[in-house]
Amino acid sequence: MISLNEIGRSVILYAGIFIGSIALPKEVSQRLNALAIEAAHHLGKANLEGMDEYWERGSAE
């Protein structure tokens with residue numbers, strides 16, 4: 001689960017960089033950025049830095 005979250009964060013980060021580097025209509029670029037931000041908010045809270053705390057607290061979030 002932690003690995004999937006870390007991969008997801010990387011994909012979203014690179015998608016944001018890619019979106020900013022190509023010429024798209026402003027509306028399309030804004031919508032894609034909004035979707036990337038929304039996707040980032042839906043990722044789980046598990047990450048490598050807080051792994052021990054995450055497992056102690058439980059994965060209810």
# chains A, B, ... in the order shown; residues from 1 in each chain; ligands from 1

$ residues_around --residues "segment 32-38 of chain A" --least-positions-apart "5" --cutoff "12 Å" --atoms "only C-alpha atoms" --output "list of chain:residue names"
A:Gly8, A:Arg9, A:Ser10, A:Val11, A:Ile12, A:Leu13, A:Tyr14, A:Ala15, A:Gly16, A:Ile17, A:Phe18, A:Ile19, A:Gly20, A:Ile22, A:Leu24, A:Pro25, A:Lys26, A:Glu27, A:Leu43

$ atom_distance --atom1 "atom CA of Glu56 of chain A" --atom2 "atom CA of Ala40 of chain A"
23.3 Å

$ select_by_dssp --residues "chain A" --states "alpha helix (DSSP H)" --output "number ranges by chain"
A: 2-21, 26-42, 51-57

$ write_last_selection --atoms "C-alpha atoms" --output "PDB file, in the first residue's frame"
ATOM      1  CA  ILE A   2       2.812   2.380   0.860  1.00  0.00           C
ATOM      2  CA  SER A   3       4.540   1.629  -2.433  1.00  0.00           C
ATOM      3  CA  LEU A   4       1.365   2.375  -4.392  1.00  0.00           C
ATOM      4  CA  ASN A   5       0.928   5.691  -2.593  1.00  0.00           C
ATOM      5  CA  GLU A   6       4.523   6.677  -3.288  1.00  0.00           C
ATOM      6  CA  ILE A   7       4.179   5.727  -6.962  1.00  0.00           C
ATOM      7  CA  GLY A   8       0.899   7.645  -7.154  1.00  0.00           C
ATOM      8  CA  ARG A   9       2.524  10.785  -5.749  1.00  0.00           C
ATOM      9  CA  SER A  10       5.328  10.524  -8.292  1.00  0.00           C
ATOM     10  CA  VAL A  11       2.926  10.036 -11.193  1.00  0.00           C
ATOM     11  CA  ILE A  12       0.858  13.055 -10.121  1.00  0.00           C
ATOM     12  CA  LEU A  13       3.983  15.198  -9.713  1.00  0.00           C
ATOM     13  CA  TYR A  14       5.308  14.279 -13.160  1.00  0.00           C
ATOM     14  CA  ALA A  15       1.859  14.755 -14.696  1.00  0.00           C
ATOM     15  CA  GLY A  16       1.779  18.274 -13.270  1.00  0.00           C
ATOM     16  CA  ILE A  17       5.209  19.048 -14.667  1.00  0.00           C
ATOM     17  CA  PHE A  18       4.220  17.615 -18.054  1.00  0.00           C
ATOM     18  CA  ILE A  19       0.968  19.584 -18.140  1.00  0.00           C
ATOM     19  CA  GLY A  20       2.859  22.795 -17.448  1.00  0.00           C
ATOM     20  CA  SER A  21       5.406  22.136 -20.179  1.00  0.00           C
ATOM     21  CA  LYS A  26      -5.806  27.614 -20.704  1.00  0.00           C
ATOM     22  CA  GLU A  27      -9.109  25.926 -19.787  1.00  0.00           C
ATOM     23  CA  VAL A  28      -7.718  22.452 -20.486  1.00  0.00           C
ATOM     24  CA  SER A  29      -4.534  23.137 -18.520  1.00  0.00           C
ATOM     25  CA  GLN A  30      -6.503  24.452 -15.543  1.00  0.00           C
ATOM     26  CA  ARG A  31      -8.836  21.439 -15.592  1.00  0.00           C
ATOM     27  CA  LEU A  32      -5.942  18.972 -15.737  1.00  0.00           C
ATOM     28  CA  ASN A  33      -4.206  20.759 -12.872  1.00  0.00           C
ATOM     29  CA  ALA A  34      -7.411  20.621 -10.831  1.00  0.00           C
ATOM     30  CA  LEU A  35      -7.718  16.891 -11.537  1.00  0.00           C
ATOM     31  CA  ALA A  36      -4.099  16.296 -10.481  1.00  0.00           C
ATOM     32  CA  ILE A  37      -4.697  18.143  -7.214  1.00  0.00           C
ATOM     33  CA  GLU A  38      -7.897  16.188  -6.605  1.00  0.00           C
ATOM     34  CA  ALA A  39      -6.078  12.919  -7.280  1.00  0.00           C
ATOM     35  CA  ALA A  40      -3.350  13.908  -4.800  1.00  0.00           C
ATOM     36  CA  HIS A  41      -5.995  14.491  -2.114  1.00  0.00           C
ATOM     37  CA  HIS A  42      -7.454  11.021  -2.692  1.00  0.00           C
ATOM     38  CA  MET A  51       5.147   4.297   8.054  1.00  0.00           C
ATOM     39  CA  ASP A  52       5.582   3.336  11.710  1.00  0.00           C
ATOM     40  CA  GLU A  53       3.056   5.910  12.919  1.00  0.00           C
ATOM     41  CA  TYR A  54       0.613   4.880  10.197  1.00  0.00           C
ATOM     42  CA  TRP A  55       0.649   1.226  11.262  1.00  0.00           C
ATOM     43  CA  GLU A  56       0.373   2.097  14.959  1.00  0.00           C
ATOM     44  CA  ARG A  57      -2.628   4.335  14.314  1.00  0.00           C
TER      45      ARG A  57
END
